[in-house]
file model01.tsv (TSV, C-alpha atoms)
chain	number	residue	atom	x	y	z
A	1	MET	CA	-104.08	-18.50	-10.85
A	2	THR	CA	-101.17	-19.06	-13.22
A	3	LEU	CA	-97.55	-19.59	-12.35
A	4	ALA	CA	-95.14	-16.96	-13.56
A	5	THR	CA	-92.44	-17.57	-16.08
A	6	THR	CA	-88.84	-16.56	-15.53
A	7	ALA	CA	-88.80	-14.25	-18.53
A	8	GLU	CA	-86.84	-11.08	-17.93
A	9	GLN	CA	-88.95	-7.97	-17.73
A	10	PRO	CA	-88.54	-4.41	-16.44
A	11	ILE	CA	-88.98	-3.98	-12.70
A	12	THR	CA	-89.92	-0.70	-11.07
A	13	LEU	CA	-90.23	-0.09	-7.36
A	14	HIS	CA	-93.76	0.27	-6.07
A	15	LYS	CA	-94.48	3.92	-5.38
A	16	ARG	CA	-94.57	5.04	-1.76
A	17	PRO	CA	-95.66	8.33	-0.18
A	18	ALA	CA	-92.31	8.84	1.57
A	19	PRO	CA	-89.54	7.03	-0.28
A	20	ASN	CA	-86.11	6.47	1.19
A	21	THR	CA	-83.60	8.78	-0.45
A	22	GLY	CA	-79.88	9.38	-0.37
A	23	ALA	CA	-76.75	7.28	-0.58
A	24	ASP	CA	-78.44	4.28	1.04
A	25	ARG	CA	-80.92	3.85	-1.80
A	26	TRP	CA	-80.40	0.71	-3.89
A	27	SER	CA	-81.53	0.26	-7.48
A	28	VAL	CA	-82.76	-3.04	-8.85
A	29	GLU	CA	-79.82	-2.98	-11.26
A	30	GLN	CA	-77.31	-2.62	-8.42
A	31	ILE	CA	-78.81	-5.52	-6.51
A	32	GLU	CA	-78.99	-7.68	-9.62
A	33	ALA	CA	-75.28	-6.95	-10.11
A	34	LEU	CA	-74.65	-8.20	-6.58
A	35	LEU	CA	-76.58	-11.40	-7.28
A	36	ASN	CA	-74.54	-11.86	-10.46
A	37	LEU	CA	-71.17	-11.72	-8.66
A	38	PRO	CA	-69.04	-14.85	-8.47
A	39	PHE	CA	-70.34	-16.81	-5.47
A	40	ASN	CA	-67.15	-16.45	-3.41
A	41	ASP	CA	-66.93	-12.71	-4.04
A	42	LEU	CA	-70.55	-12.20	-3.03
A	43	LEU	CA	-70.12	-14.12	0.21
A	44	TRP	CA	-66.89	-12.31	1.03
A	45	ARG	CA	-68.58	-8.94	0.59
A	46	ALA	CA	-71.57	-10.06	2.70
A	47	GLN	CA	-69.23	-11.31	5.43
A	48	GLN	CA	-67.45	-7.98	5.60
A	49	VAL	CA	-70.75	-6.11	6.01
A	50	HIS	CA	-72.03	-8.62	8.55
A	51	ARG	CA	-68.97	-8.33	10.78
A	52	GLN	CA	-69.19	-4.53	10.78
A	53	HIS	CA	-72.59	-4.69	12.46
A	54	PHE	CA	-72.95	-8.04	14.25
A	55	ASP	CA	-71.06	-10.82	15.96
A	56	ALA	CA	-70.68	-13.27	13.07
A	57	ASN	CA	-70.90	-16.26	15.44
A	58	GLU	CA	-74.12	-15.27	17.18
A	59	VAL	CA	-77.60	-16.27	16.03
A	60	GLU	CA	-81.00	-15.17	17.25
A	61	LEU	CA	-83.47	-17.96	18.00
A	62	ALA	CA	-87.13	-17.22	17.31
A	63	THR	CA	-90.05	-19.59	17.80
A	64	LEU	CA	-93.19	-19.37	15.66
A	65	LEU	CA	-96.61	-20.53	16.86
A	66	SER	CA	-99.83	-20.60	14.84
A	67	VAL	CA	-102.37	-19.13	17.26
A	68	LYS	CA	-105.21	-19.18	14.74
A	69	THR	CA	-104.86	-21.72	11.94
A	70	GLY	CA	-106.67	-22.05	8.61
A	71	GLY	CA	-109.74	-20.48	7.07
A	72	CYS	CA	-107.95	-17.53	5.47
A	73	PRO	CA	-109.91	-15.91	2.60
A	74	GLU	CA	-106.75	-14.85	0.75
A	75	ASP	CA	-105.61	-16.85	-2.29
A	76	CYS	CA	-101.81	-16.73	-1.79
A	77	GLY	CA	-100.54	-19.46	-4.11
A	78	TYR	CA	-98.04	-20.83	-1.59
A	79	CYS	CA	-100.27	-21.00	1.47
A	80	PRO	CA	-101.95	-24.18	2.78
A	81	GLN	CA	-104.15	-22.09	5.11
A	82	SER	CA	-106.16	-20.55	2.26
A	83	VAL	CA	-109.82	-21.58	1.97
A	84	HIS	CA	-109.30	-21.68	-1.81
A	85	TYR	CA	-107.15	-24.84	-1.68
A	86	ASP	CA	-107.71	-28.36	-0.40
A	87	THR	CA	-104.60	-29.01	1.70
A	88	GLY	CA	-106.06	-30.78	4.71
A	89	VAL	CA	-105.65	-27.75	6.98
A	90	LYS	CA	-108.79	-27.15	9.04
A	91	ALA	CA	-109.88	-23.78	10.39
A	92	GLU	CA	-109.37	-23.36	14.12
A	93	LYS	CA	-110.28	-20.72	16.68
A	94	LEU	CA	-107.80	-18.36	18.30
A	95	MET	CA	-105.80	-20.01	21.06
A	96	GLU	CA	-106.37	-19.09	24.70
A	97	SER	CA	-103.74	-17.01	26.49
A	98	GLY	CA	-102.94	-19.80	28.95
A	99	ALA	CA	-101.96	-22.20	26.16
A	100	VAL	CA	-99.89	-19.52	24.43
A	101	LYS	CA	-98.09	-18.66	27.66
A	102	LYS	CA	-97.25	-22.34	28.18
A	103	ALA	CA	-95.82	-22.52	24.64
A	104	ALA	CA	-93.80	-19.35	25.25
A	105	GLU	CA	-92.37	-20.78	28.46
A	106	ALA	CA	-91.29	-23.92	26.57
A	107	ALA	CA	-89.71	-21.79	23.83
A	108	LYS	CA	-87.76	-19.77	26.38
A	109	ALA	CA	-86.58	-22.95	28.13
A	110	ALA	CA	-85.30	-24.19	24.75
A	111	GLY	CA	-83.28	-21.00	24.22
A	112	ALA	CA	-85.53	-18.76	22.12
A	113	THR	CA	-85.49	-15.01	22.74
A	114	ARG	CA	-88.33	-14.01	20.41
A	115	PHE	CA	-91.80	-15.55	20.26
A	116	CYS	CA	-93.75	-15.02	17.05
A	117	MET	CA	-97.48	-15.66	16.71
A	118	GLY	CA	-99.29	-16.09	13.41
A	119	ALA	CA	-103.03	-15.87	12.78
A	120	ALA	CA	-104.64	-16.72	9.43
A	121	TRP	CA	-106.66	-13.57	8.88
A	122	ARG	CA	-106.88	-11.28	5.88
A	123	ALA	CA	-107.49	-8.32	8.17
A	124	PRO	CA	-108.33	-8.76	11.88
A	125	LYS	CA	-111.33	-7.05	13.43
A	126	ASP	CA	-110.88	-4.79	16.44
A	127	ARG	CA	-112.14	-7.55	18.74
A	128	ASP	CA	-109.48	-9.86	17.26
A	129	ILE	CA	-106.81	-7.27	17.98
A	130	ASP	CA	-107.99	-7.01	21.59
A	131	ALA	CA	-107.74	-10.80	21.94
A	132	VAL	CA	-104.25	-10.89	20.40
A	133	ALA	CA	-103.16	-8.07	22.69
A	134	GLU	CA	-103.93	-10.42	25.58
A	135	LEU	CA	-101.66	-13.04	24.00
A	136	VAL	CA	-98.90	-10.44	23.59
A	137	ARG	CA	-99.13	-9.60	27.28
A	138	ALA	CA	-98.86	-13.31	28.13
A	139	VAL	CA	-95.66	-13.64	26.07
A	140	LYS	CA	-94.17	-10.50	27.60
A	141	ASP	CA	-94.89	-11.89	31.06
A	142	VAL	CA	-92.62	-14.83	30.19
A	143	GLY	CA	-89.79	-12.45	29.32
A	144	LEU	CA	-89.59	-12.91	25.55
A	145	GLU	CA	-89.74	-10.45	22.69
A	146	ALA	CA	-93.19	-10.62	21.09
A	147	CYS	CA	-93.97	-10.58	17.36
A	148	VAL	CA	-97.28	-11.16	15.59
A	149	THR	CA	-98.40	-11.56	11.99
A	150	LEU	CA	-102.13	-11.05	11.56
A	151	GLY	CA	-102.63	-9.71	8.05
A	152	MET	CA	-103.53	-6.16	7.08
A	153	LEU	CA	-104.02	-3.64	9.89
A	154	ALA	CA	-106.50	-0.78	10.02
A	155	ASP	CA	-105.91	2.60	11.65
A	156	GLY	CA	-105.46	2.33	15.41
A	157	GLN	CA	-104.90	-1.42	15.55
A	158	ALA	CA	-101.10	-1.24	15.64
A	159	GLU	CA	-101.38	1.22	18.51
A	160	THR	CA	-103.46	-1.28	20.52
A	161	LEU	CA	-100.80	-3.94	20.00
A	162	GLN	CA	-98.03	-1.49	20.89
A	163	ARG	CA	-99.71	-0.66	24.19
A	164	ALA	CA	-99.85	-4.38	24.98
A	165	GLY	CA	-96.07	-4.52	24.62
A	166	LEU	CA	-95.64	-5.81	21.06
A	167	ASP	CA	-92.04	-5.55	19.87
A	168	TYR	CA	-92.34	-6.59	16.19
A	169	TYR	CA	-95.05	-6.88	13.57
A	170	ASN	CA	-94.40	-9.24	10.66
A	171	HIS	CA	-95.91	-8.44	7.28
A	172	ASN	CA	-93.94	-9.82	4.34
A	173	LEU	CA	-93.90	-8.20	0.92
A	174	ASP	CA	-93.53	-11.74	-0.47
A	175	CYS	CA	-91.99	-10.84	-3.84
A	176	ALA	CA	-91.22	-8.06	-6.30
A	177	PRO	CA	-94.15	-5.81	-7.25
A	178	ASP	CA	-94.19	-7.01	-10.87
A	179	PHE	CA	-94.43	-10.68	-9.80
A	180	TYR	CA	-97.08	-10.14	-7.14
A	181	GLY	CA	-100.08	-10.73	-9.37
A	182	GLU	CA	-98.78	-14.19	-10.24
A	183	VAL	CA	-98.98	-15.23	-6.58
A	184	ILE	CA	-102.01	-13.47	-5.09
A	185	SER	CA	-105.08	-11.64	-6.37
A	186	THR	CA	-107.02	-10.88	-3.19
A	187	ARG	CA	-104.98	-7.89	-2.07
A	188	ASP	CA	-102.84	-5.20	-3.66
A	189	TYR	CA	-99.12	-4.64	-3.09
A	190	GLN	CA	-99.89	-1.20	-1.73
A	191	ASP	CA	-102.04	-2.82	0.97
A	192	ARG	CA	-98.91	-4.46	2.34
A	193	LEU	CA	-96.96	-1.20	2.27
A	194	ASP	CA	-99.81	0.62	4.01
A	195	THR	CA	-99.78	-1.90	6.87
A	196	LEU	CA	-96.01	-1.43	7.27
A	197	ASP	CA	-96.60	2.33	7.47
A	198	ARG	CA	-99.19	1.84	10.21
A	199	VAL	CA	-96.81	-0.39	12.16
A	200	ARG	CA	-94.02	2.19	11.94
A	201	GLY	CA	-96.38	4.96	12.90
A	202	ALA	CA	-97.32	3.13	16.08
A	203	GLY	CA	-93.70	2.72	17.14
A	204	VAL	CA	-93.59	-1.05	16.58
A	205	LYS	CA	-90.54	-2.59	14.89
A	206	VAL	CA	-91.01	-4.01	11.40
A	207	CYS	CA	-90.35	-7.60	10.36
A	208	SER	CA	-90.72	-7.92	6.59
A	209	GLY	CA	-89.18	-10.14	3.94
A	210	GLY	CA	-90.29	-12.49	1.24
A	211	ILE	CA	-90.34	-15.91	-0.38
A	212	VAL	CA	-88.00	-17.22	-3.07
A	213	GLY	CA	-88.46	-20.20	-5.33
A	214	MET	CA	-91.97	-19.32	-6.54
A	215	GLY	CA	-90.94	-19.12	-10.21
A	216	GLU	CA	-89.49	-15.62	-10.14
A	217	SER	CA	-86.35	-14.64	-12.05
A	218	ARG	CA	-83.10	-13.51	-10.46
A	219	ARG	CA	-83.94	-9.95	-11.50
A	220	GLN	CA	-87.28	-10.25	-9.73
A	221	ARG	CA	-85.52	-11.45	-6.61
A	222	ALA	CA	-83.42	-8.31	-6.89
A	223	GLY	CA	-86.68	-6.37	-7.15
A	224	LEU	CA	-87.88	-7.78	-3.83
A	225	ILE	CA	-84.63	-6.87	-2.07
A	226	ALA	CA	-84.76	-3.38	-3.57
A	227	GLN	CA	-88.30	-2.87	-2.33
A	228	LEU	CA	-87.31	-3.86	1.22
A	229	ALA	CA	-84.02	-1.96	1.27
A	230	ASN	CA	-85.70	1.23	0.03
A	231	LEU	CA	-88.50	1.36	2.58
A	232	PRO	CA	-88.52	4.67	4.50
A	233	GLU	CA	-86.79	2.75	7.30
A	234	VAL	CA	-85.04	-0.58	6.78
A	235	PRO	CA	-86.90	-3.42	8.57
A	236	GLU	CA	-85.30	-4.53	11.82
A	237	SER	CA	-85.95	-8.14	10.81
A	238	VAL	CA	-85.89	-9.53	7.27
A	239	PRO	CA	-87.09	-13.15	6.97
A	240	ILE	CA	-86.03	-14.86	3.76
A	241	ASN	CA	-88.26	-17.86	3.14
A	242	HIS	CA	-87.67	-20.73	0.73
A	243	LEU	CA	-90.93	-21.91	-0.83
A	244	VAL	CA	-92.30	-24.98	0.97
A	245	LYS	CA	-94.31	-26.80	-1.68
A	246	VAL	CA	-97.58	-28.05	-0.20
A	247	GLU	CA	-99.83	-30.44	-2.10
A	248	GLY	CA	-103.09	-28.76	-3.06
A	249	THR	CA	-101.61	-25.27	-3.54
A	250	PRO	CA	-100.96	-23.79	-7.02
A	251	LEU	CA	-97.20	-23.76	-6.38
A	252	ALA	CA	-97.00	-27.41	-5.30
A	253	GLU	CA	-95.33	-28.46	-8.56
A	254	GLN	CA	-92.99	-25.51	-8.86
A	255	PRO	CA	-89.48	-26.65	-9.95
A	256	ASP	CA	-86.86	-26.65	-7.21
A	257	LEU	CA	-84.74	-23.53	-6.84
A	258	ASP	CA	-80.97	-23.92	-7.08
A	259	PRO	CA	-79.89	-23.77	-3.40
A	260	PHE	CA	-77.03	-21.40	-4.25
A	261	GLU	CA	-79.63	-18.91	-5.50
A	262	PHE	CA	-81.14	-18.93	-2.03
A	263	VAL	CA	-77.74	-18.31	-0.43
A	264	ARG	CA	-77.19	-15.43	-2.85
A	265	MET	CA	-80.49	-13.93	-1.67
A	266	ILE	CA	-79.34	-14.05	1.95
A	267	ALA	CA	-76.08	-12.34	1.01
A	268	ALA	CA	-77.84	-9.60	-0.95
A	269	ALA	CA	-80.19	-8.94	1.96
A	270	ARG	CA	-77.22	-8.65	4.32
A	271	ILE	CA	-75.31	-6.24	2.07
A	272	THR	CA	-78.27	-3.95	1.33
A	273	MET	CA	-79.76	-4.01	4.85
A	274	PRO	CA	-76.67	-4.20	7.07
A	275	THR	CA	-78.38	-3.39	10.37
A	276	ALA	CA	-81.27	-5.85	9.97
A	277	ARG	CA	-81.42	-9.31	11.44
A	278	VAL	CA	-81.68	-11.50	8.37
A	279	ARG	CA	-83.69	-14.58	9.26
A	280	LEU	CA	-83.26	-17.98	7.68
A	281	SER	CA	-86.93	-18.88	7.76
A	282	ALA	CA	-89.23	-21.40	6.07
A	283	GLY	CA	-87.74	-24.19	4.00
A	284	ARG	CA	-84.79	-25.07	6.23
A	285	GLN	CA	-85.97	-28.65	6.54
A	286	GLN	CA	-85.42	-29.16	2.81
A	287	MET	CA	-82.05	-27.39	2.66
A	288	GLY	CA	-79.72	-29.69	4.51
A	289	GLU	CA	-77.03	-28.63	6.95
A	290	ALA	CA	-74.43	-27.54	4.39
A	291	VAL	CA	-76.76	-25.02	2.72
A	292	GLN	CA	-77.89	-23.71	6.11
A	293	ALA	CA	-74.25	-23.21	7.08
A	294	LEU	CA	-73.65	-21.27	3.86
A	295	CYS	CA	-76.64	-19.06	4.67
A	296	LEU	CA	-75.18	-18.30	8.10
A	297	LEU	CA	-71.85	-17.56	6.43
A	298	ALA	CA	-73.64	-15.23	3.99
A	299	GLY	CA	-75.03	-13.13	6.82
A	300	ALA	CA	-78.15	-14.80	8.19
A	301	ASN	CA	-78.15	-14.29	11.95
A	302	SER	CA	-81.61	-15.39	12.98
A	303	ILE	CA	-83.50	-18.66	12.58
A	304	PHE	CA	-86.95	-19.98	13.34
A	305	TYR	CA	-86.37	-22.54	16.04
A	306	GLY	CA	-88.75	-25.41	16.78
A	307	GLU	CA	-90.51	-28.35	15.17
A	308	LYS	CA	-93.17	-26.48	13.19
A	309	LEU	CA	-93.69	-23.22	11.32
A	310	LEU	CA	-97.41	-22.47	11.30
A	311	THR	CA	-98.46	-25.59	9.35
A	312	THR	CA	-95.20	-26.79	7.77
A	313	GLY	CA	-92.23	-28.70	9.17
A	314	ASN	CA	-88.97	-27.29	10.52
A	315	PRO	CA	-85.74	-28.90	11.80
A	316	ASP	CA	-86.22	-30.00	15.40
A	317	VAL	CA	-84.59	-28.28	18.35
A	318	SER	CA	-81.97	-30.97	18.99
A	319	ALA	CA	-80.84	-30.90	15.34
A	320	ASP	CA	-80.50	-27.12	15.43
A	321	ARG	CA	-78.51	-27.24	18.66
A	322	ALA	CA	-76.18	-29.86	17.21
A	323	LEU	CA	-75.60	-27.94	13.97
A	324	LEU	CA	-74.92	-24.60	15.63
A	325	THR	CA	-72.63	-26.21	18.20
A	326	ARG	CA	-70.64	-27.90	15.40
A	327	LEU	CA	-70.32	-24.51	13.69
A	328	GLY	CA	-69.08	-22.93	16.93
A	329	MET	CA	-72.02	-20.56	17.02
A	330	ARG	CA	-73.92	-19.40	20.07
A	331	ALA	CA	-77.43	-18.21	20.77
A	332	ARG	CA	-78.14	-14.53	21.16
A	333	ALA	CA	-78.65	-13.81	24.85
A	334	GLY	CA	-80.87	-10.82	24.28
A	335	VAL	CA	-83.17	-11.67	27.17
A	336	PRO	CA	-81.81	-12.23	30.70
A	337	GLY	CA	-81.80	-15.87	31.73
A	338	VAL	CA	-81.53	-17.35	28.23
A	339	ALA	CA	-78.66	-19.81	28.04
A	340	ALA	CA	-76.17	-20.35	25.24
A	341	PHE	CA	-76.15	-23.67	23.41
A	342	ALA	CA	-73.25	-25.05	25.39
A	343	GLU	CA	-75.17	-24.45	28.60
A	344	ILE	CA	-78.55	-25.84	27.52

call {"tool": "encode", "arguments": {"input": "model01.tsv", "output": "structure tokens"}}
result
Amino acid sequence: MTLATTAEQPITLHKRPAPNTGADRWSVEQIEALLNLPFNDLLWRAQQVHRQHFDANEVELATLLSVKTGGCPEDCGYCPQSVHYDTGVKAEKLMESGAVKKAAEAAKAAGATRFCMGAAWRAPKDRDIDAVAELVRAVKDVGLEACVTLGMLADGQAETLQRAGLDYYNHNLDCAPDFYGEVISTRDYQDRLDTLDRVRGAGVKVCSGGIVGMGESRRQRAGLIAQLANLPEVPESVPINHLVKVEGTPLAEQPDLDPFEFVRMIAAARITMPTARVRLSAGRQQMGEAVQALCLLAGANSIFYGEKLLTTGNPDVSADRALLTRLGMRARAGVPGVAAFAEI
């Protein structure tokens, strides 16, 4: 696998069977123009959009748990869970429902309203889906929103998860279609879009975003946003991840991304997908508090909350509480019984 260069090249949206049409459709050129705005102008525009649809001082807290770690046959160049790379991550079995319920209870006590579960599969078997459905029911019993990310879904699998009470299914597009082959070779871009279609068809909300800092150009970042914003329905959740460089993966030596480029990405996501919860996801540990605050100013209104994201680090709970309290922000109380920061 080779790393991509930042050379400018034409970007076209990946074809879909039922494209979004009308005034809400965004071209790559329009989004690139947004990303090219003076920083203050871009943030001001994002703030205006944000305040039209959300309380600008409220943030959703989501906790992510790896319920099945390692052993994935995919070759995603950023992922330490791939069997193709020596990263020290060992394959583990799927967690039992009792352990997951205990983790969900702890997340709720810490203020989270959504509990996300990740399993390192390329495509789960039906028996895997049945087992995860049991985990979904355990999380719902605690009183949290439930989200899972399991890889590609086959026909009927999303329906099984929906019947168990699943609220969201996460399946990131990762990057622009024209950059995809530089990052992964074991699945096609259309495979990802097909899974999102199955999730929508089952009546489950979509969580889909991408990763920045993998060597893509600004125009290619615009291509990712365009792909997401032009889905038949805008995702309810859009996680924007900053590459976490893990030793042993092909992207471990990727040059650092200018942090203002990441903030610009958050702002562009907010402007083009005004009703979505834009999540400040992986990479927060490396950002520092000032950059995180800029991301929240640019329209991010959801964070992953807890010490670990699947296999990589994350700011701890006490640090997050302290930062959000200093910013005068409060936790989303979307689930009865969840306290605000000042009351925790």

call {"tool": "closest_atom_pairs", "arguments": {"input": "model01.tsv", "of": "range 228-302 of chain A", "to": "range 200-219 of chain A", "cutoff": "9 Å", "atoms": "all atoms listed in the file", "output": "JSON lines"}}
result
{"residue": "A:Leu228", "atom": "CA", "partner": "A:Gly209", "partner_atom": "CA", "distance": 7.1}
{"residue": "A:Glu233", "atom": "CA", "partner": "A:Arg200", "partner_atom": "CA", "distance": 8.6}
{"residue": "A:Val234", "atom": "CA", "partner": "A:Val206", "partner_atom": "CA", "distance": 8.3}
{"residue": "A:Pro235", "atom": "CA", "partner": "A:Val206", "partner_atom": "CA", "distance": 5.0}
{"residue": "A:Glu236", "atom": "CA", "partner": "A:Val206", "partner_atom": "CA", "distance": 5.7}
{"residue": "A:Ser237", "atom": "CA", "partner": "A:Cys207", "partner_atom": "CA", "distance": 4.5}
{"residue": "A:Val238", "atom": "CA", "partner": "A:Gly209", "partner_atom": "CA", "distance": 4.7}
{"residue": "A:Pro239", "atom": "CA", "partner": "A:Gly209", "partner_atom": "CA", "distance": 4.8}
{"residue": "A:Ile240", "atom": "CA", "partner": "A:Gly210", "partner_atom": "CA", "distance": 5.5}
{"residue": "A:Asn241", "atom": "CA", "partner": "A:Ile211", "partner_atom": "CA", "distance": 4.5}
{"residue": "A:His242", "atom": "CA", "partner": "A:Val212", "partner_atom": "CA", "distance": 5.2}
{"residue": "A:Leu243", "atom": "CA", "partner": "A:Gly213", "partner_atom": "CA", "distance": 5.4}
{"residue": "A:Val244", "atom": "CA", "partner": "A:Gly213", "partner_atom": "CA", "distance": 8.8}
{"residue": "A:Leu251", "atom": "CA", "partner": "A:Met214", "partner_atom": "CA", "distance": 6.9}
{"residue": "A:Gln254", "atom": "CA", "partner": "A:Met214", "partner_atom": "CA", "distance": 6.7}
{"residue": "A:Pro255", "atom": "CA", "partner": "A:Gly215", "partner_atom": "CA", "distance": 7.7}
{"residue": "A:Asp256", "atom": "CA", "partner": "A:Gly213", "partner_atom": "CA", "distance": 6.9}
{"residue": "A:Leu257", "atom": "CA", "partner": "A:Gly213", "partner_atom": "CA", "distance": 5.2}
{"residue": "A:Asp258", "atom": "CA", "partner": "A:Gly213", "partner_atom": "CA", "distance": 8.5}
{"residue": "A:Glu261", "atom": "CA", "partner": "A:Arg218", "partner_atom": "CA", "distance": 8.1}
{"residue": "A:Phe262", "atom": "CA", "partner": "A:Val212", "partner_atom": "CA", "distance": 7.1}
{"residue": "A:Met265", "atom": "CA", "partner": "A:Val212", "partner_atom": "CA", "distance": 8.3}
{"residue": "A:Val278", "atom": "CA", "partner": "A:Gly209", "partner_atom": "CA", "distance": 8.8}
{"residue": "A:Arg279", "atom": "CA", "partner": "A:Gly209", "partner_atom": "CA", "distance": 8.8}
{"residue": "A:Ala282", "atom": "CA", "partner": "A:Ile211", "partner_atom": "CA", "distance": 8.5}

call {"tool": "residues_around", "arguments": {"input": "model01.tsv", "residues": "range 97-101 of chain A", "least_positions_apart": "6", "cutoff": "12 Å", "atoms": "only C-alpha atoms", "output": "ChimeraX atom specification"}}
result
/A:63-68,107-108,115-118,130-144,146

call {"tool": "atom_distance", "arguments": {"input": "model01.tsv", "atom1": "CA of Ala298 in chain A", "atom2": "CA of Ala267 in chain A"}}
result
4.8 Å

call {"tool": "atom_distance", "arguments": {"input": "model01.tsv", "atom1": "CA of Cys79 in chain A", "atom2": "CA of Gly181 in chain A"}}
result
14.9 Å

call {"tool": "atom_distance", "arguments": {"input": "model01.tsv", "atom1": "CA of Ala226 in chain A", "atom2": "CA of Ile31 in chain A"}}
result
7.0 Å

call {"tool": "closest_residue", "arguments": {"input": "model01.tsv", "among": "A:Ile266, A:Cys175, A:Ala252, A:Met287", "to": "Gly223 in chain A", "atoms": "all atoms listed in the file"}}
result
A:Cys175

call {"tool": "build_atoms", "arguments": {"input": "model01.tsv", "residues": "range 263-283 of chain A", "atoms": "N, CA and C atoms", "output": "compact mmCIF listing (two decimals), in the frame of the given file"}}
result
# COMPACT_ATOMS: atom_id res chain seq x y z
N VAL A 263 -78.86 -18.88 -1.19
CA VAL A 263 -77.74 -18.31 -0.43
C VAL A 263 -77.41 -16.92 -0.95
N ARG A 264 -77.44 -16.76 -2.27
CA ARG A 264 -77.19 -15.43 -2.85
C ARG A 264 -78.20 -14.41 -2.34
N MET A 265 -79.45 -14.85 -2.17
CA MET A 265 -80.49 -13.93 -1.67
C MET A 265 -80.18 -13.48 -0.25
N ILE A 266 -79.73 -14.40 0.58
CA ILE A 266 -79.34 -14.05 1.95
C ILE A 266 -78.22 -13.02 1.93
N ALA A 267 -77.21 -13.26 1.09
CA ALA A 267 -76.08 -12.34 1.01
C ALA A 267 -76.50 -10.96 0.55
N ALA A 268 -77.38 -10.90 -0.45
CA ALA A 268 -77.84 -9.60 -0.95
C ALA A 268 -78.63 -8.86 0.11
N ALA A 269 -79.44 -9.57 0.87
CA ALA A 269 -80.19 -8.94 1.96
C ALA A 269 -79.23 -8.38 3.00
N ARG A 270 -78.19 -9.13 3.33
CA ARG A 270 -77.22 -8.65 4.32
C ARG A 270 -76.49 -7.40 3.85
N ILE A 271 -76.08 -7.38 2.58
CA ILE A 271 -75.31 -6.24 2.07
C ILE A 271 -76.17 -4.99 1.99
N THR A 272 -77.40 -5.12 1.54
CA THR A 272 -78.27 -3.95 1.33
C THR A 272 -78.98 -3.49 2.59
N MET A 273 -79.09 -4.37 3.58
CA MET A 273 -79.76 -4.01 4.85
C MET A 273 -78.85 -4.42 6.01
N PRO A 274 -77.71 -3.74 6.16
CA PRO A 274 -76.67 -4.20 7.07
C PRO A 274 -77.05 -4.24 8.54
N THR A 275 -78.01 -3.42 8.95
CA THR A 275 -78.38 -3.39 10.37
C THR A 275 -79.52 -4.32 10.72
N ALA A 276 -80.12 -4.96 9.72
CA ALA A 276 -81.27 -5.85 9.97
C ALA A 276 -80.79 -7.23 10.42
N ARG A 277 -81.64 -7.89 11.20
CA ARG A 277 -81.42 -9.31 11.44
C ARG A 277 -82.05 -10.07 10.28
N VAL A 278 -81.21 -10.74 9.52
CA VAL A 278 -81.68 -11.50 8.37
C VAL A 278 -81.99 -12.92 8.84
N ARG A 279 -83.26 -13.30 8.70
CA ARG A 279 -83.69 -14.58 9.26
C ARG A 279 -83.78 -15.66 8.19
N LEU A 280 -83.12 -16.76 8.46
CA LEU A 280 -83.26 -17.98 7.68
C LEU A 280 -84.55 -18.63 8.14
N SER A 281 -85.58 -18.57 7.31
CA SER A 281 -86.93 -18.88 7.76
C SER A 281 -87.44 -20.19 7.17
N ALA A 282 -88.61 -20.17 6.56
CA ALA A 282 -89.23 -21.40 6.07
C ALA A 282 -88.37 -22.09 5.01
N GLY A 283 -88.45 -23.40 4.98
CA GLY A 283 -87.74 -24.19 4.00
C GLY A 283 -86.44 -24.78 4.48
